[in-house]
Each structure stands twice: as C-alpha cells, then as structure tokens.
$ cat start-v4.txt   # compact mmCIF, C-alpha atoms and all ligand atoms
# COMPACT_ATOMS: atom_id res chain seq x y z
CA MET K 1 99.43 144.27 66.37
CA ASP K 2 98.97 148.05 66.25
CA SER K 3 102.36 149.09 64.95
CA ALA K 4 101.97 152.87 64.85
CA PRO K 5 100.20 155.16 67.30
CA ARG K 6 97.73 157.68 65.87
CA HIS K 7 98.11 159.99 68.83
CA ILE K 8 101.21 160.42 70.99
CA ALA K 9 101.18 162.43 74.22
CA ILE K 10 104.40 163.49 75.95
CA THR K 11 105.13 164.75 79.46
CA MET K 12 108.38 166.63 78.97
CA ASP K 13 110.05 166.25 82.37
CA GLY K 14 113.60 166.81 83.56
CA ASN K 15 114.53 170.25 82.24
CA GLY K 16 115.40 171.58 85.70
CA ARG K 17 117.69 168.65 86.54
CA TRP K 18 119.34 168.88 83.12
CA ALA K 19 120.19 172.52 83.81
CA ALA K 20 121.29 171.90 87.42
CA ALA K 21 123.69 169.17 86.27
CA ARG K 22 125.40 171.82 84.14
CA GLY K 23 125.39 174.55 86.77
CA LEU K 24 122.84 176.49 84.69
CA PRO K 25 119.62 178.22 85.74
CA ARG K 26 116.43 176.16 85.34
CA SER K 27 115.34 178.47 82.53
CA ALA K 28 118.29 177.20 80.45
CA GLY K 29 116.86 173.67 80.78
CA HIS K 30 113.46 174.80 79.54
CA LYS K 31 115.10 176.58 76.61
CA ALA K 32 117.10 173.44 75.78
CA GLY K 33 113.79 171.57 75.87
CA LEU K 34 112.77 173.24 72.64
CA THR K 35 115.23 171.11 70.64
CA PRO K 36 113.45 167.78 71.33
CA VAL K 37 110.11 169.52 70.75
CA ARG K 38 111.24 170.40 67.19
CA LEU K 39 112.59 166.89 66.70
CA CYS K 40 109.40 165.16 67.86
CA VAL K 41 107.26 167.39 65.65
CA GLU K 42 109.44 166.63 62.63
CA GLU K 43 109.59 162.90 63.33
CA CYS K 44 105.86 162.56 64.00
CA SER K 45 105.16 164.47 60.76
CA ARG K 46 107.55 162.27 58.82
CA LEU K 47 106.04 159.07 60.26
CA GLY K 48 102.49 160.19 59.53
CA VAL K 49 101.38 160.28 63.19
CA GLU K 50 98.03 162.06 63.29
CA ALA K 51 98.34 163.93 66.59
CA LEU K 52 101.01 164.93 69.09
CA THR K 53 100.09 166.49 72.44
CA LEU K 54 102.82 168.03 74.60
CA PHE K 55 102.51 168.87 78.30
CA ALA K 56 104.36 172.18 78.59
CA PHE K 57 102.88 173.75 81.75
CA SER K 58 100.46 172.24 84.24
CA SER K 59 97.78 173.89 86.37
CA GLU K 60 100.06 173.07 89.32
CA ASN K 61 103.13 174.71 87.71
CA TRP K 62 101.62 178.15 88.53
CA SER K 63 102.86 177.52 92.09
CA ARG K 64 106.52 177.48 90.99
CA PRO K 65 108.71 180.51 91.88
CA ALA K 66 107.39 183.63 90.11
CA GLU K 67 110.70 184.05 88.28
CA GLU K 68 110.48 180.56 86.73
CA VAL K 69 106.83 181.03 85.76
CA ALA K 70 107.68 184.35 84.09
CA SER K 71 110.60 182.82 82.23
CA LEU K 72 108.45 179.92 80.99
CA MET K 73 105.69 182.29 79.80
CA GLY K 74 108.35 184.34 77.99
CA LEU K 75 109.72 181.17 76.42
CA PHE K 76 106.27 180.12 75.17
CA PHE K 77 105.73 183.56 73.64
CA GLU K 78 109.12 183.58 71.91
CA ALA K 79 108.81 179.95 70.76
CA VAL K 80 105.46 180.58 69.11
CA GLU K 81 106.76 183.77 67.49
CA ARG K 82 109.92 182.09 66.22
CA GLU K 83 108.60 178.65 65.22
CA ILE K 84 105.20 179.34 63.71
CA ALA K 85 106.43 179.97 60.15
CA GLU K 86 108.37 176.69 60.12
CA LEU K 87 105.44 174.77 61.63
CA HIS K 88 103.19 176.24 58.97
CA ARG K 89 105.68 175.23 56.27
CA GLN K 90 105.52 171.67 57.64
CA GLN K 91 101.69 171.85 57.39
CA VAL K 92 101.37 171.42 61.18
CA ARG K 93 98.06 172.49 62.74
CA VAL K 94 98.81 174.03 66.13
CA ARG K 95 96.36 174.30 69.02
CA PHE K 96 96.77 175.14 72.68
CA ILE K 97 94.79 173.37 75.37
CA GLY K 98 94.37 174.55 78.94
CA ASN K 99 92.95 177.40 80.97
CA ARG K 100 93.68 180.51 78.88
CA GLN K 101 92.09 182.84 81.42
CA ARG K 102 95.26 182.59 83.48
CA LEU K 103 97.56 183.56 80.61
CA SER K 104 98.56 187.15 79.84
CA VAL K 105 96.53 189.00 77.24
CA ARG K 106 99.69 189.20 75.11
CA LEU K 107 100.30 185.43 75.17
CA ARG K 108 96.62 184.68 74.58
CA ALA K 109 96.65 186.89 71.49
CA GLN K 110 99.83 185.25 70.25
CA ILE K 111 98.53 181.69 70.56
CA ALA K 112 95.17 182.62 69.04
CA ALA K 113 97.02 184.09 66.04
CA ALA K 114 99.13 180.92 65.71
CA GLU K 115 96.00 178.77 65.82
CA ARG K 116 94.28 180.88 63.16
CA HIS K 117 97.37 180.90 60.95
CA THR K 118 97.68 177.08 60.94
CA ALA K 119 94.00 176.13 61.28
CA ASP K 120 93.61 174.77 57.75
CA ASN K 121 96.85 172.78 57.68
CA ALA K 122 96.38 169.11 56.88
CA GLY K 123 99.53 167.72 58.52
CA LEU K 124 100.33 166.79 62.12
CA LYS K 125 97.85 168.02 64.72
CA LEU K 126 100.02 169.51 67.45
CA GLN K 127 98.44 170.34 70.80
CA VAL K 128 100.46 172.25 73.38
CA ALA K 129 99.07 171.97 76.90
CA VAL K 130 99.70 175.18 78.85
CA SER K 131 97.97 175.91 82.17
CA TYR K 132 96.42 172.49 81.70
CA GLY K 133 95.18 169.90 84.18
CA GLY K 134 93.25 166.73 83.41
CA ARG K 135 90.82 167.34 86.26
CA TRP K 136 90.27 170.95 85.16
CA ASP K 137 89.54 169.65 81.65
CA ILE K 138 86.91 167.20 82.94
CA VAL K 139 85.30 169.84 85.16
CA GLN K 140 85.05 172.40 82.35
CA ALA K 141 83.51 169.76 80.05
CA ALA K 142 80.95 168.94 82.78
CA ARG K 143 80.18 172.65 83.15
CA ARG K 144 79.68 173.10 79.41
CA LEU K 145 77.27 170.17 79.25
CA ALA K 146 75.47 171.28 82.43
CA ALA K 147 74.95 174.74 80.89
CA GLN K 148 73.45 173.14 77.78
CA CYS K 149 71.11 171.06 79.98
CA ALA K 150 70.13 174.16 81.97
CA SER K 151 69.27 176.03 78.79
CA GLY K 152 67.20 173.12 77.54
CA ALA K 153 69.48 172.43 74.55
CA LEU K 154 70.44 169.02 75.93
CA ARG K 155 68.81 166.36 78.09
CA PRO K 156 70.93 164.73 80.82
CA THR K 157 70.13 161.35 79.26
CA ASP K 158 71.73 162.56 75.97
CA ILE K 159 75.11 162.67 77.72
CA ASP K 160 77.13 159.61 76.86
CA GLU K 161 80.87 158.96 76.64
CA ASP K 162 81.15 160.30 73.07
CA ARG K 163 79.35 163.53 73.90
CA PHE K 164 81.42 163.98 77.04
CA ALA K 165 84.66 163.37 75.14
CA ALA K 166 83.62 165.94 72.53
CA ALA K 167 83.30 168.59 75.25
CA LEU K 168 86.89 168.04 76.43
CA GLU K 169 89.83 170.11 75.19
CA LEU K 170 90.88 167.33 72.81
CA GLY K 171 87.33 166.81 71.51
CA GLY K 172 87.44 165.54 67.94
CA LEU K 173 90.85 163.88 68.27
CA PRO K 174 91.40 160.16 68.78
CA ASP K 175 92.38 159.09 72.31
CA ALA K 176 96.10 159.05 73.02
CA ASP K 177 97.54 155.64 72.12
CA LEU K 178 100.97 156.20 73.63
CA LEU K 179 101.95 158.37 76.58
CA ILE K 180 105.66 159.05 76.94
CA ARG K 181 107.09 160.57 80.11
CA THR K 182 110.75 161.49 80.37
CA GLY K 183 112.74 162.35 83.50
CA GLY K 184 112.44 159.07 85.40
CA GLU K 185 109.15 159.63 87.23
CA ARG K 186 106.43 157.06 86.71
CA ARG K 187 103.21 158.95 87.19
CA ILE K 188 100.51 160.72 85.21
CA SER K 189 100.59 164.05 87.10
CA ASN K 190 97.10 165.13 86.02
CA PHE K 191 97.78 164.99 82.26
CA LEU K 192 94.92 164.03 79.89
CA LEU K 193 93.13 161.78 82.37
CA TRP K 194 90.15 160.94 80.16
CA ASN K 195 92.05 160.62 76.90
CA ILE K 196 94.68 158.17 78.18
CA ALA K 197 92.19 155.54 79.37
CA TYR K 198 93.74 152.90 77.07
CA ALA K 199 97.12 154.50 76.32
CA GLU K 200 100.28 152.46 76.53
CA LEU K 201 102.61 154.10 79.06
CA TYR K 202 106.30 154.54 78.25
CA PHE K 203 108.63 155.93 80.89
CA SER K 204 112.12 157.05 80.00
CA ASP K 205 114.89 157.94 82.45
CA ARG K 206 116.28 160.44 79.95
CA LEU K 207 115.89 164.10 80.90
CA TRP K 208 113.75 165.90 78.33
CA PRO K 209 116.52 168.03 76.73
CA ASP K 210 118.41 164.77 76.03
CA PHE K 211 115.43 163.03 74.43
CA GLY K 212 116.45 162.37 70.83
CA LYS K 213 115.53 160.47 67.72
CA GLU K 214 116.76 157.17 69.15
CA GLU K 215 114.67 157.51 72.31
CA LEU K 216 111.57 158.29 70.27
CA ALA K 217 112.28 155.25 68.10
CA ASP K 218 112.62 153.14 71.30
CA ALA K 219 109.22 154.37 72.50
CA LEU K 220 107.64 153.54 69.13
CA GLU K 221 109.24 150.11 69.17
CA PHE K 222 107.85 149.52 72.66
CA PHE K 223 104.40 150.54 71.39
CA ALA K 224 104.64 148.25 68.36
CA GLY K 225 105.34 145.32 70.70
CA ARG K 226 102.28 145.87 72.89
CA GLU K 227 99.13 143.81 72.52
CA ARG K 228 96.25 146.26 72.88
CA ARG K 229 93.10 144.50 74.04
CA PHE K 230 90.83 147.34 75.22
CA GLY K 231 89.36 145.03 77.86
CA LEU K 232 88.80 142.11 75.47
CA THR K 233 90.42 138.68 75.52
CA THR K 234 93.41 138.16 73.22
CA GLY K 235 91.26 136.12 70.80
CA GLN K 236 88.50 138.73 70.73
CA ALA K 237 90.96 141.57 70.26
CA MET K 238 92.65 139.77 67.34
CA LYS K 239 89.27 139.21 65.72
CA ALA K 240 88.24 142.87 66.27
CA ARG K 241 91.43 144.05 64.57
CA GLY K 242 90.79 141.86 61.55
CA PRO K 243 93.36 140.19 59.32
C1 LIG T 301 109.22 170.01 83.26
O1 LIG T 301 110.55 169.90 83.69
C2 LIG T 301 109.14 170.93 82.12
C3 LIG T 301 108.42 172.09 82.10
C4 LIG T 301 107.63 172.56 83.26
C5 LIG T 301 108.44 172.99 80.92
C6 LIG T 301 108.42 172.29 79.58
C7 LIG T 301 108.47 173.29 78.50
C8 LIG T 301 109.25 173.21 77.39
C9 LIG T 301 110.14 172.07 77.10
C10 LIG T 301 109.14 174.27 76.37
C11 LIG T 301 108.18 173.83 75.31
C12 LIG T 301 107.60 174.96 74.62
C13 LIG T 301 106.64 174.85 73.66
C14 LIG T 301 106.05 176.09 73.09
C15 LIG T 301 106.13 173.55 73.19
P1 LIG T 301 110.91 170.29 85.18
O2 LIG T 301 111.18 171.75 85.23
O3 LIG T 301 109.83 169.82 86.09
O4 LIG T 301 112.21 169.48 85.42
P2 LIG T 301 112.74 168.85 86.79
O5 LIG T 301 111.79 167.74 87.17
O6 LIG T 301 114.10 168.35 86.43
O7 LIG T 301 112.78 169.97 87.80

$ encode --input "start-v4.txt" --output "structure tokens"
Amino acid sequence: MDSAPRHIAITMDGNGRWAAARGLPRSAGHKAGLTPVRLCVEECSRLGVEALTLFAFSSENWSRPAEEVASLMGLFFEAVEREIAELHRQQVRVRFIGNRQRLSVRLRAQIAAAERHTADNAGLKLQVAVSYGGRWDIVQAARRLAAQCASGALRPTDIDEDRFAAALELGGLPDADLLIRTGGERRISNFLLWNIAYAELYFSDRLWPDFGKEELADALEFFAGRERRFGLTTGQAMKARGP
C-alpha cells in the first residue's frame, strides 16, 4: 500500500460561501483562505511530502466581477510579499504555474523574485496555480513541441508521453498522487488534467477557510487506504510495488 503521497494537489473551494455565511464580502473569504494554505505548507513540509500544488485562480476566474479579480490579484501580491521570508526559512521552493501574460507587470515581477529567492531550497516544492487551466497547459506544451519540430530540433516521432509531460508547467515533478477538493463540489474544473491521470480523488464538504489539520489528516488516511493499481491487476500491482 502506498501510505504517503509524493505530490498533493488541492482545489481550494468555498471561500465565497464561507464569507457569505458570515455576512462578509467574498474578499474576506479569500483572505481567510490563507490560513489553511500556511497550515498545508507546514504539514506537508513536516511530513516530507515532495510537492504541493494549489489551485488559486483559474483561467475561467478572469470572468468573475472585476472587483473580485482585483482583490484576488492584490491578495496574491501581498501574500507573496508577506510570506516569502517564512517560506524561505522553511526551505520551501516556490513556483507559479499558469498564464503569466495575463498578470500585471507588478505581480509578474513579484512572483519571479519569489521564485528566484527560493529556487535553491531543498524542501517542499510548492506550486501556486494562478491564471491556470489544464487545457491551456496542454495546448502550450503542444505549441512548444510543435515549435521545436518546426525548427528541426525535434522529430514528431520523438514525442512520447515523457517528453510531452516535460513540456507541461509541472514538467520535472512526479504526477499528483492525491487531489483534494474542498467546498462540496465533485469535479476537476480544468485543474492539472494530464498530471492527475492516476490521482486518488478526495472531496471534502468543508469550505476552504475551515480546512484544518484534522481534515488534511483525513485526506491522507483516505489515501493510505487506497489500492493503487495503475491499470494492473491487484496481483500485478502488488508484485510491481515489491515487498
Ligand atoms: C475558490 O473559492 C477560491 C478562489 C478562487 C481563490 C483561492 C485563493 C486563496 C485561498 C488565496 C491563496 C493565495 C496564495 C498566494 C496561495 P470560491 O470563491 O469559488 O468560493 P465559492 O465556491 O464559495 O464561491
């Protein structure tokens, strides 16, 4: 049995409902969502999880009211500014995935600085998905490889699953083993389509700001109880895993 995931991905859903239930603006829910982000980073570091990827803002979220988009962009900027020293102290390596062209020059500069600052850290690999969509990711990987074929650097027959995966935003990281989604919805919503091919899916009814240590432990316990066969029979999978 695989008891610990190497790579956890989380769709942090339910901030708006959390705020509405308290008569607060949606932005207050997003702000409250930073607390479980800190907790998950600390816990994953403590447990020796290799990678944690958080879905903070999707390609589709650009269509939200301008005021909410602006408040989220402001929150990302402030969070990076405020948290980067602590993340660095924890040896976390931070990277952002998604379409940066749509971000402000100021935010782009801020996240590039955070990535440079933590690039050599050997601890948890933290990926924050902002302006990210799984289909966008696949299309931009296809474009990159097509450009290499057009320039003669690559032959179409050289493209296999490994090379394709390497051209994706999470190239170089193991596939996600466990995908957690809070907020009660049971769908993928265009997150990491390629990289979750064999992920175990854990859905929690908790709203993201209420997601705590116990809920993360529940998700890890669920994962530890799964038999991961990757398309093999139980007997084959047991043999492949070894003693
Ligand atoms: C989805 O809840 C949540 C978001 C769109 C924003 C998530 C962002 C954070 C928690 C901040 C994290 C920041 C960093 C830098 C990691 P929703 O608004 O869709 O909630 P609802 O379904 O209740 O409306």

$ closest_atom_pairs --input "start-v4.txt" --of "chain K" --to "ligand LIG 301 (chain T)" --cutoff "7 Å" --atoms "all atoms listed in the file" --output "JSON lines"
{"residue": "K:Met12", "atom": "CA", "partner": "T:LIG301", "partner_atom": "C2", "distance": 5.4}
{"residue": "K:Asp13", "atom": "CA", "partner": "T:LIG301", "partner_atom": "O1", "distance": 3.9}
{"residue": "K:Gly14", "atom": "CA", "partner": "T:LIG301", "partner_atom": "O6", "distance": 3.3}
{"residue": "K:Asn15", "atom": "CA", "partner": "T:LIG301", "partner_atom": "O4", "distance": 4.0}
{"residue": "K:Gly16", "atom": "CA", "partner": "T:LIG301", "partner_atom": "O6", "distance": 3.6}
{"residue": "K:Arg17", "atom": "CA", "partner": "T:LIG301", "partner_atom": "O6", "distance": 3.6}
{"residue": "K:Trp18", "atom": "CA", "partner": "T:LIG301", "partner_atom": "O6", "distance": 6.2}
{"residue": "K:Arg26", "atom": "CA", "partner": "T:LIG301", "partner_atom": "O2", "distance": 6.9}
{"residue": "K:His30", "atom": "CA", "partner": "T:LIG301", "partner_atom": "C9", "distance": 4.9}
{"residue": "K:Lys31", "atom": "CA", "partner": "T:LIG301", "partner_atom": "C10", "distance": 6.4}
{"residue": "K:Gly33", "atom": "CA", "partner": "T:LIG301", "partner_atom": "C9", "distance": 3.9}
{"residue": "K:Leu34", "atom": "CA", "partner": "T:LIG301", "partner_atom": "C10", "distance": 5.3}
{"residue": "K:Val37", "atom": "CA", "partner": "T:LIG301", "partner_atom": "C15", "distance": 6.2}
{"residue": "K:Leu54", "atom": "CA", "partner": "T:LIG301", "partner_atom": "C15", "distance": 6.6}
{"residue": "K:Phe55", "atom": "CA", "partner": "T:LIG301", "partner_atom": "C6", "distance": 6.9}
{"residue": "K:Ala56", "atom": "CA", "partner": "T:LIG301", "partner_atom": "C6", "distance": 4.2}
{"residue": "K:Phe57", "atom": "CA", "partner": "T:LIG301", "partner_atom": "C4", "distance": 5.1}
{"residue": "K:Asn61", "atom": "CA", "partner": "T:LIG301", "partner_atom": "C4", "distance": 6.7}
{"residue": "K:Leu72", "atom": "CA", "partner": "T:LIG301", "partner_atom": "C5", "distance": 6.9}
{"residue": "K:Leu75", "atom": "CA", "partner": "T:LIG301", "partner_atom": "C12", "distance": 6.8}
{"residue": "K:Phe76", "atom": "CA", "partner": "T:LIG301", "partner_atom": "C14", "distance": 4.5}
{"residue": "K:Ala79", "atom": "CA", "partner": "T:LIG301", "partner_atom": "C14", "distance": 5.3}
{"residue": "K:Val80", "atom": "CA", "partner": "T:LIG301", "partner_atom": "C14", "distance": 6.0}
{"residue": "K:Val128", "atom": "CA", "partner": "T:LIG301", "partner_atom": "C15", "distance": 5.8}
{"residue": "K:Gly183", "atom": "CA", "partner": "T:LIG301", "partner_atom": "O5", "distance": 6.6}

$ atom_distance --input "start-v4.txt" --atom1 "CA of Ile111 in chain K" --atom2 "CA of Leu170 in chain K"
16.4 Å

$ atom_distance --input "start-v4.txt" --atom1 "CA of Glu115 in chain K" --atom2 "CA of Arg93 in chain K"
7.3 Å

$ closest_atom_pairs --input "start-v4.txt" --of "range 39-119 of chain K" --to "range 218-233 of chain K" --cutoff "12 Å" --atoms "all atoms listed in the file" --output "JSON lines"
{"residue": "K:Cys40", "atom": "CA", "partner": "K:Ala219", "partner_atom": "CA", "distance": 11.7}
{"residue": "K:Glu43", "atom": "CA", "partner": "K:Leu220", "partner_atom": "CA", "distance": 11.2}
{"residue": "K:Cys44", "atom": "CA", "partner": "K:Leu220", "partner_atom": "CA", "distance": 10.5}
{"residue": "K:Leu47", "atom": "CA", "partner": "K:Leu220", "partner_atom": "CA", "distance": 10.6}
{"residue": "K:Val49", "atom": "CA", "partner": "K:Leu220", "partner_atom": "CA", "distance": 10.9}

$ atom_distance --input "start-v4.txt" --atom1 "CA of Ser45 in chain K" --atom2 "CA of Leu207 in chain K"
22.8 Å

$ residues_around --input "start-v4.txt" --residues "Tyr198 in chain K" --least-positions-apart "2" --cutoff "8 Å" --atoms "all atoms listed in the file" --output "ChimeraX atom specification"
/K:175-177,195-196,200,230

$ residues_near_point --input "start-v4.txt" --point "(102.6, 178.2, 61.6)" --cutoff "9 Å" --atoms "only C-alpha atoms" --output "list of chain:residue names"
K:Val80, K:Glu83, K:Ile84, K:Ala85, K:Glu86, K:Leu87, K:His88, K:Arg89, K:Gln90, K:Gln91, K:Val92, K:Arg93, K:Val94, K:Ala114, K:Glu115, K:Arg116, K:His117, K:Thr118, K:Ala119, K:Asn121

$ residues_near_point --input "start-v4.txt" --point "(114.3, 157.9, 73.2)" --cutoff "12 Å" --atoms "all atoms listed in the file" --output "short mmCIF file (atom, residue, chain, number, x, y, z; two decimals) with C-alpha atoms, in the coordinates of the input"
data_model
loop_
_atom_site.label_atom_id
_atom_site.label_comp_id
_atom_site.auth_asym_id
_atom_site.auth_seq_id
_atom_site.Cartn_x
_atom_site.Cartn_y
_atom_site.Cartn_z
CA ILE K 10 104.40 163.49 75.95
CA PRO K 36 113.45 167.78 71.33
CA LEU K 39 112.59 166.89 66.70
CA CYS K 40 109.40 165.16 67.86
CA ILE K 180 105.66 159.05 76.94
CA ARG K 181 107.09 160.57 80.11
CA THR K 182 110.75 161.49 80.37
CA GLY K 183 112.74 162.35 83.50
CA TYR K 202 106.30 154.54 78.25
CA PHE K 203 108.63 155.93 80.89
CA SER K 204 112.12 157.05 80.00
CA ASP K 205 114.89 157.94 82.45
CA ARG K 206 116.28 160.44 79.95
CA LEU K 207 115.89 164.10 80.90
CA TRP K 208 113.75 165.90 78.33
CA PRO K 209 116.52 168.03 76.73
CA ASP K 210 118.41 164.77 76.03
CA PHE K 211 115.43 163.03 74.43
CA GLY K 212 116.45 162.37 70.83
CA LYS K 213 115.53 160.47 67.72
CA GLU K 214 116.76 157.17 69.15
CA GLU K 215 114.67 157.51 72.31
CA LEU K 216 111.57 158.29 70.27
CA ALA K 217 112.28 155.25 68.10
CA ASP K 218 112.62 153.14 71.30
CA ALA K 219 109.22 154.37 72.50
CA LEU K 220 107.64 153.54 69.13
CA GLU K 221 109.24 150.11 69.17
CA PHE K 222 107.85 149.52 72.66
#
